[in-house]
file work-v6.cif (mmCIF, C-alpha atoms and all ligand atoms)
data_my_file
#
loop_
_atom_site.label_atom_id
_atom_site.label_comp_id
_atom_site.auth_asym_id
_atom_site.auth_seq_id
_atom_site.Cartn_x
_atom_site.Cartn_y
_atom_site.Cartn_z
CA MET T 6 16.10 101.03 112.70
CA ASP T 7 18.88 101.51 115.14
CA GLU T 8 17.15 102.97 118.21
CA LYS T 9 20.32 103.01 120.27
CA ASN T 10 22.25 105.33 117.99
CA ASN T 11 19.16 107.29 117.07
CA LYS T 12 20.06 106.76 113.43
CA TYR T 13 17.69 106.19 110.60
CA GLN T 14 18.51 103.08 108.54
CA LYS T 15 18.42 103.85 104.82
CA ILE T 16 16.64 101.60 102.35
CA THR T 17 19.25 102.18 99.67
CA ASN T 18 22.95 101.53 99.94
CA PHE T 19 25.08 103.69 97.69
CA THR T 20 28.14 103.85 99.92
CA GLY T 21 31.13 105.23 98.05
CA GLU T 22 29.11 106.58 95.13
CA ASP T 23 29.57 110.27 94.38
CA LYS T 24 28.57 110.59 90.76
CA PHE T 25 25.40 112.40 91.82
CA SER T 26 27.46 115.28 93.34
CA PHE T 27 26.33 114.81 96.92
CA SER T 28 27.09 111.62 98.76
CA ARG T 29 24.15 109.53 99.82
CA GLU T 30 25.66 109.28 103.26
CA HIS T 31 25.73 112.98 104.16
CA SER T 32 22.17 114.20 104.24
CA LEU T 33 21.01 114.18 107.83
CA LEU T 34 17.36 114.99 107.13
CA LEU T 35 15.98 111.50 107.66
CA ASP T 36 17.90 111.12 110.93
CA PHE T 37 16.35 114.40 112.10
CA LEU T 38 12.78 113.36 111.23
CA TYR T 39 13.34 110.03 112.89
CA GLU T 40 14.84 111.63 116.00
CA ASN T 41 11.72 113.82 116.31
CA LYS T 42 9.35 110.90 115.78
CA ALA T 43 7.87 112.45 112.63
CA ILE T 44 8.57 109.10 110.96
CA ASN T 45 8.76 105.58 112.33
CA GLU T 46 8.67 102.02 111.10
CA THR T 47 4.87 101.73 111.24
CA ILE T 48 4.07 104.78 109.10
CA ASN T 49 3.61 104.53 105.33
CA ASN T 50 0.74 106.86 104.45
CA LEU T 51 2.00 110.41 104.90
CA LYS T 52 1.84 113.23 102.37
CA ILE T 53 5.31 114.70 102.14
CA LEU T 54 6.67 117.77 100.36
CA GLU T 55 10.40 118.16 99.85
CA ILE T 56 11.63 121.58 98.78
CA GLY T 57 14.80 121.56 96.64
CA GLY T 58 14.92 117.76 96.52
CA PHE T 59 17.28 117.87 93.51
CA TYR T 60 18.04 114.34 92.28
CA GLY T 61 16.12 112.66 95.07
CA ARG T 62 18.62 111.28 97.57
CA ASP T 63 16.26 112.09 100.47
CA ALA T 64 13.03 111.72 98.53
CA ILE T 65 13.67 108.06 97.84
CA GLU T 66 13.98 107.46 101.57
CA LEU T 67 10.99 109.66 102.44
CA LEU T 68 8.95 107.61 99.99
CA ARG T 69 8.91 104.76 102.44
CA TYR T 70 6.61 106.88 104.66
CA GLY T 71 4.09 108.05 102.07
CA ASP T 72 3.60 109.96 98.83
CA VAL T 73 6.37 112.44 98.12
CA THR T 74 6.44 115.55 95.92
CA ILE T 75 9.70 117.34 95.14
CA PHE T 76 9.72 120.95 93.99
CA ASP T 77 13.06 122.01 92.52
CA ILE T 78 13.92 124.84 90.14
CA ASP T 79 17.04 123.11 88.84
CA THR T 80 16.43 122.06 85.24
CA LYS T 81 19.11 119.37 85.44
CA GLY T 82 17.50 117.96 88.53
CA LYS T 83 14.79 115.92 86.81
CA GLU T 84 17.24 114.22 84.48
CA MET T 85 19.54 113.31 87.37
CA PHE T 86 16.52 112.25 89.40
CA ASP T 87 15.43 109.73 86.74
CA LYS T 88 18.99 108.41 86.40
CA PHE T 89 19.42 108.14 90.13
CA LEU T 90 16.15 106.28 90.67
CA THR T 91 16.87 103.95 87.77
CA GLU T 92 20.14 103.07 89.45
CA ALA T 93 18.58 102.87 92.91
CA ILE T 94 16.42 99.94 91.76
CA ASN T 95 19.54 97.77 92.02
CA PHE T 96 20.46 98.94 95.51
CA LEU T 97 17.17 98.66 97.39
CA ASN T 98 16.91 96.74 100.60
CA LYS T 99 14.56 93.79 100.48
CA ASP T 100 10.79 94.36 100.85
CA TYR T 101 10.93 97.43 98.59
CA LYS T 102 10.02 97.57 94.94
CA LEU T 103 10.67 100.67 92.87
CA THR T 104 8.78 101.03 89.57
CA ASN T 105 8.27 103.64 86.88
CA ASN T 106 5.01 103.40 84.93
CA GLN T 107 4.59 107.07 84.01
CA ASN T 108 5.33 107.98 87.66
CA TRP T 109 7.84 106.60 90.14
CA LYS T 110 6.47 104.37 92.91
CA LEU T 111 8.02 102.63 95.87
CA ASN T 112 5.62 99.80 96.63
CA ASP T 113 2.32 101.79 96.68
CA ASN T 114 3.74 105.23 97.39
CA SER T 115 4.25 107.71 94.56
CA LEU T 116 7.08 110.14 93.92
CA VAL T 117 6.43 113.18 91.76
CA TYR T 118 9.07 115.67 90.61
CA GLU T 119 7.89 119.20 89.83
CA ASN T 120 10.50 121.31 88.09
CA LYS T 121 9.24 124.58 89.57
CA ASP T 122 10.12 127.39 91.94
CA ILE T 123 8.31 126.65 95.20
CA LEU T 124 7.49 130.36 95.54
CA ASP T 125 5.65 130.45 92.21
CA ILE T 126 3.13 127.74 92.80
CA ASN T 127 -0.23 127.67 94.43
CA LEU T 128 -0.16 124.65 96.71
CA LYS T 129 -3.55 122.99 97.11
CA VAL T 130 -2.52 119.76 98.84
CA ARG T 131 -2.14 119.61 102.63
CA TYR T 132 1.00 117.86 103.87
CA ASP T 133 2.01 115.93 106.98
CA ILE T 134 5.67 116.79 106.49
CA ILE T 135 7.30 119.68 104.63
CA CYS T 136 11.06 119.43 104.64
CA SER T 137 14.31 120.45 103.03
CA TYR T 138 18.02 119.84 103.34
CA ASN T 139 20.62 122.44 102.39
CA VAL T 140 18.11 124.75 100.71
CA LEU T 141 16.67 127.55 102.87
CA HIS T 142 19.94 129.52 103.07
CA ARG T 143 19.38 130.26 99.37
CA PHE T 144 16.34 132.43 100.21
CA LYS T 145 16.75 136.09 101.14
CA LYS T 146 15.10 137.14 104.39
CA GLU T 147 11.77 138.33 102.95
CA LYS T 148 11.48 135.38 100.56
CA LEU T 149 12.23 132.98 103.37
CA LYS T 150 9.41 134.52 105.37
CA THR T 151 7.04 134.15 102.40
CA LEU T 152 8.11 130.54 102.02
CA ILE T 153 7.57 129.73 105.68
CA ILE T 154 4.07 131.24 105.60
CA LYS T 155 3.34 129.17 102.50
CA CYS T 156 4.57 126.01 104.20
CA PHE T 157 2.51 126.72 107.31
CA ASN T 158 -0.65 127.26 105.26
CA CYS T 159 -0.36 123.92 103.54
CA LEU T 160 0.58 121.89 106.62
CA LYS T 161 -2.11 119.63 108.04
CA GLU T 162 -2.94 120.14 111.70
CA GLY T 163 -0.34 118.18 113.62
CA GLY T 164 1.91 118.36 110.56
CA VAL T 165 5.59 119.24 110.80
CA MET T 166 8.18 121.35 109.05
CA ALA T 167 11.77 120.14 109.23
CA HIS T 168 14.44 122.22 107.54
CA ILE T 169 18.21 121.86 107.83
CA PHE T 170 20.24 124.64 106.21
CA VAL T 171 23.53 126.49 106.36
CA SER T 172 23.67 128.92 109.29
CA ASP T 173 25.26 132.32 109.87
CA ILE T 174 28.25 130.62 111.50
CA ARG T 175 31.17 129.48 109.38
CA PRO T 176 33.27 126.77 110.95
CA ILE T 177 36.99 127.47 111.24
CA GLU T 178 38.70 124.14 111.32
CA LYS T 179 42.18 123.08 110.44
CA GLY T 180 42.42 122.52 106.71
CA PHE T 181 39.25 124.50 105.98
CA GLU T 182 40.33 128.04 106.88
CA ASN T 183 40.11 129.34 103.32
CA GLU T 184 36.82 127.59 102.75
CA SER T 185 35.37 129.13 105.89
CA ASN T 186 36.39 132.68 105.05
CA LYS T 187 35.43 132.56 101.42
CA SER T 188 32.38 134.67 100.68
CA ASN T 189 29.68 132.65 99.00
CA ASN T 190 26.91 134.73 97.48
CA LYS T 191 24.53 131.79 97.45
CA ILE T 192 24.43 131.77 101.24
CA GLN T 193 22.06 134.12 103.06
CA LYS T 194 22.83 134.46 106.72
CA HIS T 195 19.67 134.00 108.73
CA GLU T 196 19.73 134.95 112.38
CA LYS T 197 17.90 133.09 115.08
CA ALA T 198 15.77 136.09 116.12
CA ASP T 199 14.53 136.54 112.54
CA LEU T 200 13.82 132.87 112.12
CA LYS T 201 11.88 132.79 115.39
CA ALA T 202 9.95 135.92 114.41
CA SER T 203 8.84 134.23 111.19
CA PHE T 204 6.98 131.66 113.30
CA SER T 205 5.66 133.99 115.98
CA ASN T 206 2.09 134.26 114.62
CA PHE T 207 1.60 130.57 113.93
CA ASN T 208 -0.39 128.06 115.97
CA GLY T 209 2.31 125.63 116.78
CA ASN T 210 5.59 124.86 118.44
CA LEU T 211 8.95 125.83 117.11
CA GLU T 212 10.33 122.93 119.06
CA ILE T 213 13.87 123.01 117.83
CA LEU T 214 15.85 125.83 116.35
CA GLU T 215 19.47 125.11 116.99
CA TYR T 216 22.91 124.86 115.46
CA ARG T 217 24.58 121.58 114.79
CA HIS T 218 28.07 120.98 113.47
CA ILE T 219 27.95 118.50 110.65
CA LEU T 220 30.21 117.05 107.99
CA GLU T 221 28.95 117.39 104.42
CA TYR T 222 30.31 115.87 101.26
CA ASP T 223 30.62 116.91 97.66
CA SER T 224 32.91 115.78 94.90
CA VAL T 225 34.96 119.04 94.93
CA ARG T 226 35.53 119.62 98.64
CA LEU T 227 35.04 116.00 99.69
CA VAL T 228 34.16 115.81 103.39
CA HIS T 229 33.95 119.34 104.85
CA PRO T 230 32.40 120.97 107.94
CA HIS T 231 29.30 123.15 108.17
CA VAL T 232 27.33 124.62 111.02
CA MET T 233 23.67 124.14 110.13
CA TRP T 234 20.37 125.42 111.45
CA TYR T 235 18.08 122.61 112.54
CA LEU T 236 14.54 123.92 112.40
CA TYR T 237 11.61 121.79 113.52
CA PHE T 238 8.07 123.13 113.78
CA LYS T 239 4.89 121.26 114.66
CA LYS T 240 1.49 122.77 113.86
CA TYR T 241 -1.00 122.35 116.70
CA GLU T 242 -3.79 119.83 116.31
CA ASN T 243 -7.26 121.48 116.26
CA GLY T 244 -5.59 124.87 115.96
CA ASN T 245 -4.46 125.03 119.60
CA LYS T 246 -2.06 123.50 122.10
CA ASN T 247 -4.51 121.36 124.11
C1 LIG T 301 22.40 122.54 97.71
S1 LIG T 301 21.07 121.88 96.77
C2 LIG T 301 20.44 120.64 97.90
C3 LIG T 301 19.79 119.52 97.19
C4 LIG T 301 19.22 118.40 98.04
N1 LIG T 301 18.29 118.85 99.05
C5 LIG T 301 20.33 117.59 98.67
O1 LIG T 301 20.61 117.76 99.85
O2 LIG T 301 20.94 116.80 97.96
C6 LIG T 301 19.81 123.14 96.85
C7 LIG T 301 18.63 122.85 95.95
O3 LIG T 301 17.58 123.80 96.20
C8 LIG T 301 16.96 124.09 94.97
N2 LIG T 301 16.22 125.38 95.09
C9 LIG T 301 16.75 126.58 95.39
N3 LIG T 301 15.78 127.53 95.39
C10 LIG T 301 14.60 126.89 95.10
C11 LIG T 301 13.24 127.33 94.93
N4 LIG T 301 12.90 128.63 95.05
N5 LIG T 301 12.29 126.41 94.63
C12 LIG T 301 12.63 125.10 94.48
N6 LIG T 301 13.90 124.64 94.61
C13 LIG T 301 14.88 125.52 94.92
C14 LIG T 301 18.13 124.13 93.98
O4 LIG T 301 17.71 124.00 92.63
C15 LIG T 301 18.98 122.96 94.45
O5 LIG T 301 18.64 121.74 93.83
#
call {"tool": "encode", "arguments": {"input": "work-v6.cif", "output": "C-alpha cells"}}
result
Amino acid sequence: MDEKNNKYQKITNFTGEDKFSFSREHSLLLDFLYENKAINETINNLKILEIGGFYGRDAIELLRYGDVTIFDIDTKGKEMFDKFLTEAINFLNKDYKLTNNQNWKLNDNSLVYENKDILDINLKVRYDIICSYNVLHRFKKEKLKTLIIKCFNCLKEGGVMAHIFVSDIRPIEKGFENESNKSNNKIQKHEKADLKASFSNFNGNLEILEYRHILEYDSVRLVHPHVMWYLYFKKYENGNKN
C-alpha cells in the first residue's frame, strides 16, 4: 500500500471499464477505512458487512480483510455481482485466488450476497466493520436512525462503522450547474446535528463526521462532483472508553 499518499492499493485493476455502471476507480470507501486504520496489510480475518454493496466493487476489495456479507435490495444486483466477480478473476493481482464453489471465496475468505432490505432482517452475526458507500442518503431520517441502531447492536466491541453518502450540500461547479440544482427524490438531506444525535446514546466515538468534496463517476454523467458525508464511528472496547 502507498503510505505516502494515504491511498489504498486495489487488488483488482479494471481501469477504464464502466459496463458495471459505476467505475471501479471512484468508490473511496477502502481509502477511508485504510486512512482510519480499520484495515491494514496484516489483517485478513475480519467479519465485514456492506450495506447496499450492489455488484460488489467494494466487497471484492473488502474480502481481502475477512469474510464479507452484502445486503442489497436491488434484484439486478446479484446477477451483476456474479458477472462482475467472474470477470474479476482475470484482473486479480498476484497472490489472490477467486473461486466459486457454491459461494464466492477470495483465498479463504467468503463473500455472500443477500438480496434483502437491511431493515427487514434480524442480524445475528457480530461484525468488525459495517460500511456503505453512496447508500445512506436513500434512507429517510427515522429509517436512518433505525438502521444506525441496528448497525450499532451488531458491531463487535472495538468494531467500526464507516459510511460515505451524499450530503445536504450540492456542489455548484462550472459545467454542473443544472445537475446541482436538479431535485433528486432519491436523496434525503441529513443534517449534521441529526446525524450526531443518532449516535448520542452509544458507547463509542463518532470520530469523524465531515464533508468531503469528491468526484464520482457513472456512465451517464461521467465524472461529476459530490459533497459527501464521511461518517466513522468506533464502538468502545469493553463497553467504555478506558
Ligand atoms: C447508489 S447505489 C451504491 C452501490 C454501491 N455501494 C457502489 O458504490 O457501487 C445504492 C445501493 O443501495 C441499495 N439499497 C438502498 N436501500 C437499501 C436497503 N434498505 N437495504 C439494502 N440495500 C439498499 C440499492 O439497491 C443500491 O444498490
call {"tool": "residues_around", "arguments": {"input": "work-v6.cif", "residues": "segment 78-85 of chain T", "least_positions_apart": "6", "cutoff": "7 Å", "atoms": "only C-alpha atoms", "output": "compact mmCIF listing (two decimals) with C-alpha atoms, keeping the file's coordinate frame"}}
result
# COMPACT_ATOMS: atom_id res chain seq x y z
CA PHE T 59 17.28 117.87 93.51
CA TYR T 60 18.04 114.34 92.28
CA TYR T 118 9.07 115.67 90.61
CA ASN T 120 10.50 121.31 88.09
CA LYS T 121 9.24 124.58 89.57
CA ASP T 122 10.12 127.39 91.94
call {"tool": "closest_residue", "arguments": {"input": "work-v6.cif", "among": "T:Leu51, T:Ile75, T:Glu66, T:Asn45", "to": "ligand LIG 301 (chain T)", "atoms": "only C-alpha atoms and all ligand atoms"}}
result
T:Ile75
call {"tool": "closest_residue", "arguments": {"input": "work-v6.cif", "among": "T:Lys15, T:Lys150, T:His218, T:Arg62", "to": "Glu46 of chain T", "atoms": "only C-alpha atoms"}}
result
T:Lys15
call {"tool": "closest_atom_pairs", "arguments": {"input": "work-v6.cif", "of": "chain T", "to": "ligand LIG 301 (chain T)", "cutoff": "10 Å", "atoms": "all atoms listed in the file", "output": "Markdown table"}}
result
| residue | atom | partner | partner_atom | distance |
| --- | --- | --- | --- | --- |
| T:Phe25 | CA | T:LIG301 | O2 | 8.8 |
| T:Ser26 | CA | T:LIG301 | O2 | 8.1 |
| T:Phe27 | CA | T:LIG301 | O2 | 5.8 |
| T:Ser28 | CA | T:LIG301 | O2 | 8.1 |
| T:Arg29 | CA | T:LIG301 | O2 | 8.2 |
| T:His31 | CA | T:LIG301 | O1 | 8.2 |
| T:Ser32 | CA | T:LIG301 | O1 | 5.9 |
| T:Leu33 | CA | T:LIG301 | O1 | 8.8 |
| T:Leu34 | CA | T:LIG301 | O1 | 8.4 |
| T:Glu55 | CA | T:LIG301 | N1 | 8.0 |
| T:Ile56 | CA | T:LIG301 | C12 | 5.6 |
| T:Gly57 | CA | T:LIG301 | O3 | 3.6 |
| T:Gly58 | CA | T:LIG301 | N1 | 4.4 |
| T:Phe59 | CA | T:LIG301 | O5 | 4.1 |
| T:Tyr60 | CA | T:LIG301 | O2 | 6.8 |
| T:Gly61 | CA | T:LIG301 | O2 | 7.0 |
| T:Arg62 | CA | T:LIG301 | O2 | 6.0 |
| T:Asp63 | CA | T:LIG301 | C5 | 7.1 |
| T:Ala64 | CA | T:LIG301 | N1 | 8.9 |
| T:Ile75 | CA | T:LIG301 | C12 | 8.3 |
| T:Phe76 | CA | T:LIG301 | C12 | 5.1 |
| T:Asp77 | CA | T:LIG301 | N6 | 3.5 |
| T:Ile78 | CA | T:LIG301 | N6 | 4.5 |
| T:Asp79 | CA | T:LIG301 | O4 | 4.0 |
| T:Thr80 | CA | T:LIG301 | O4 | 7.7 |
| T:Lys81 | CA | T:LIG301 | O4 | 8.7 |
| T:Gly82 | CA | T:LIG301 | O5 | 6.6 |
| T:Lys83 | CA | T:LIG301 | O5 | 9.9 |
| T:Glu119 | CA | T:LIG301 | C12 | 8.9 |
| T:Asn120 | CA | T:LIG301 | C12 | 7.7 |
| T:Lys121 | CA | T:LIG301 | C12 | 6.0 |
| T:Asp122 | CA | T:LIG301 | N5 | 3.6 |
| T:Ile123 | CA | T:LIG301 | N5 | 4.0 |
| T:Leu124 | CA | T:LIG301 | N4 | 5.7 |
| T:Asp125 | CA | T:LIG301 | N4 | 8.0 |
| T:Ile126 | CA | T:LIG301 | N5 | 9.4 |
| T:Cys136 | CA | T:LIG301 | N1 | 9.2 |
| T:Ser137 | CA | T:LIG301 | N1 | 5.9 |
| T:Tyr138 | CA | T:LIG301 | N1 | 4.4 |
| T:Asn139 | CA | T:LIG301 | C2 | 4.8 |
| T:Val140 | CA | T:LIG301 | C6 | 4.5 |
| T:Leu141 | CA | T:LIG301 | N3 | 7.5 |
| T:His142 | CA | T:LIG301 | C9 | 8.8 |
| T:Arg143 | CA | T:LIG301 | N3 | 6.0 |
| T:Phe144 | CA | T:LIG301 | N3 | 6.9 |
| T:Lys148 | CA | T:LIG301 | N4 | 8.8 |
| T:Leu149 | CA | T:LIG301 | N4 | 9.4 |
| T:Leu152 | CA | T:LIG301 | N4 | 8.7 |
| T:His168 | CA | T:LIG301 | N1 | 9.9 |
| T:Ile169 | CA | T:LIG301 | N1 | 9.3 |
| T:Phe170 | CA | T:LIG301 | C1 | 9.0 |
| T:Val171 | CA | T:LIG301 | C1 | 9.6 |
| T:Lys191 | CA | T:LIG301 | C1 | 9.5 |
| T:Glu221 | CA | T:LIG301 | O1 | 9.5 |
| T:Tyr222 | CA | T:LIG301 | O2 | 10.0 |
| T:Asp223 | CA | T:LIG301 | O2 | 9.7 |
call {"tool": "atom_distance", "arguments": {"input": "work-v6.cif", "atom1": "atom CA of Ala167 of chain T", "atom2": "atom CA of Phe37 of chain T"}}
result
7.9 Å
call {"tool": "residues_around", "arguments": {"input": "work-v6.cif", "residues": "Val73 of chain T", "least_positions_apart": "4", "cutoff": "8 Å", "atoms": "all atoms listed in the file", "output": "short mmCIF file (atom, residue, chain, number, x, y, z; two decimals) with C-alpha atoms, in the frame of the given file"}}
result
data_model
loop_
_atom_site.label_atom_id
_atom_site.label_comp_id
_atom_site.auth_asym_id
_atom_site.auth_seq_id
_atom_site.Cartn_x
_atom_site.Cartn_y
_atom_site.Cartn_z
CA LYS T 52 1.84 113.23 102.37
CA ILE T 53 5.31 114.70 102.14
CA LEU T 54 6.67 117.77 100.36
CA GLU T 55 10.40 118.16 99.85
CA ALA T 64 13.03 111.72 98.53
CA LEU T 67 10.99 109.66 102.44
CA LEU T 68 8.95 107.61 99.99
CA ASN T 114 3.74 105.23 97.39
CA SER T 115 4.25 107.71 94.56
CA LEU T 116 7.08 110.14 93.92
CA VAL T 117 6.43 113.18 91.76
#
call {"tool": "residues_around", "arguments": {"input": "work-v6.cif", "residues": "Asp113 of chain T", "least_positions_apart": "2", "cutoff": "9 Å", "atoms": "only C-alpha atoms", "output": "list of chain:residue names"}}
result
T:Gly71, T:Asp72, T:Lys102, T:Lys110, T:Leu111, T:Ser115
call {"tool": "atom_distance", "arguments": {"input": "work-v6.cif", "atom1": "atom CA of Glu92 of chain T", "atom2": "atom CA of Ile135 of chain T"}}
result
25.9 Å
call {"tool": "closest_residue", "arguments": {"input": "work-v6.cif", "among": "T:Thr151, T:Lys146, T:Cys156, T:Thr91", "to": "Lys129 of chain T", "atoms": "all atoms listed in the file"}}
result
T:Cys156
call {"tool": "closest_residue", "arguments": {"input": "work-v6.cif", "among": "T:Asn98, T:Asn210, T:Ser205, T:Thr74", "to": "Leu128 of chain T", "atoms": "only C-alpha atoms"}}
result
T:Thr74
call {"tool": "atom_distance", "arguments": {"input": "work-v6.cif", "atom1": "atom CA of Ile192 of chain T", "atom2": "atom CA of Ile154 of chain T"}}
result
20.8 Å
call {"tool": "axis_aligned_box", "arguments": {"input": "work-v6.cif", "around": "segment 140-150 of chain T", "padding_each_side": "3 Å", "output": "JSON"}}
result
{"center_x": 14.7, "center_y": 131.5, "center_z": 102.4, "size_x": 16.5, "size_y": 19.6, "size_z": 12.0}
call {"tool": "residues_around", "arguments": {"input": "work-v6.cif", "residues": "segment 230-237 of chain T", "least_positions_apart": "6", "cutoff": "8 Å", "atoms": "all atoms listed in the file", "output": "PDB file with C-alpha atoms, keeping the file's coordinate frame"}}
result
ATOM      1  CA  VAL T 165       5.590 119.240 110.800  1.00  0.00           C
ATOM      2  CA  MET T 166       8.180 121.350 109.050  1.00  0.00           C
ATOM      3  CA  ALA T 167      11.770 120.140 109.230  1.00  0.00           C
ATOM      4  CA  HIS T 168      14.440 122.220 107.540  1.00  0.00           C
ATOM      5  CA  ILE T 169      18.210 121.860 107.830  1.00  0.00           C
ATOM      6  CA  PHE T 170      20.240 124.640 106.210  1.00  0.00           C
ATOM      7  CA  VAL T 171      23.530 126.490 106.360  1.00  0.00           C
ATOM      8  CA  SER T 172      23.670 128.920 109.290  1.00  0.00           C
ATOM      9  CA  ILE T 174      28.250 130.620 111.500  1.00  0.00           C
ATOM     10  CA  ARG T 175      31.170 129.480 109.380  1.00  0.00           C
ATOM     11  CA  PRO T 176      33.270 126.770 110.950  1.00  0.00           C
ATOM     12  CA  GLU T 178      38.700 124.140 111.320  1.00  0.00           C
ATOM     13  CA  PHE T 181      39.250 124.500 105.980  1.00  0.00           C
ATOM     14  CA  LEU T 211       8.950 125.830 117.110  1.00  0.00           C
ATOM     15  CA  GLU T 212      10.330 122.930 119.060  1.00  0.00           C
ATOM     16  CA  ILE T 213      13.870 123.010 117.830  1.00  0.00           C
ATOM     17  CA  LEU T 214      15.850 125.830 116.350  1.00  0.00           C
ATOM     18  CA  GLU T 215      19.470 125.110 116.990  1.00  0.00           C
ATOM     19  CA  TYR T 216      22.910 124.860 115.460  1.00  0.00           C
ATOM     20  CA  ARG T 217      24.580 121.580 114.790  1.00  0.00           C
ATOM     21  CA  HIS T 218      28.070 120.980 113.470  1.00  0.00           C
ATOM     22  CA  ILE T 219      27.950 118.500 110.650  1.00  0.00           C
ATOM     23  CA  LEU T 220      30.210 117.050 107.990  1.00  0.00           C
ATOM     24  CA  GLU T 221      28.950 117.390 104.420  1.00  0.00           C
TER      25      GLU T 221
END
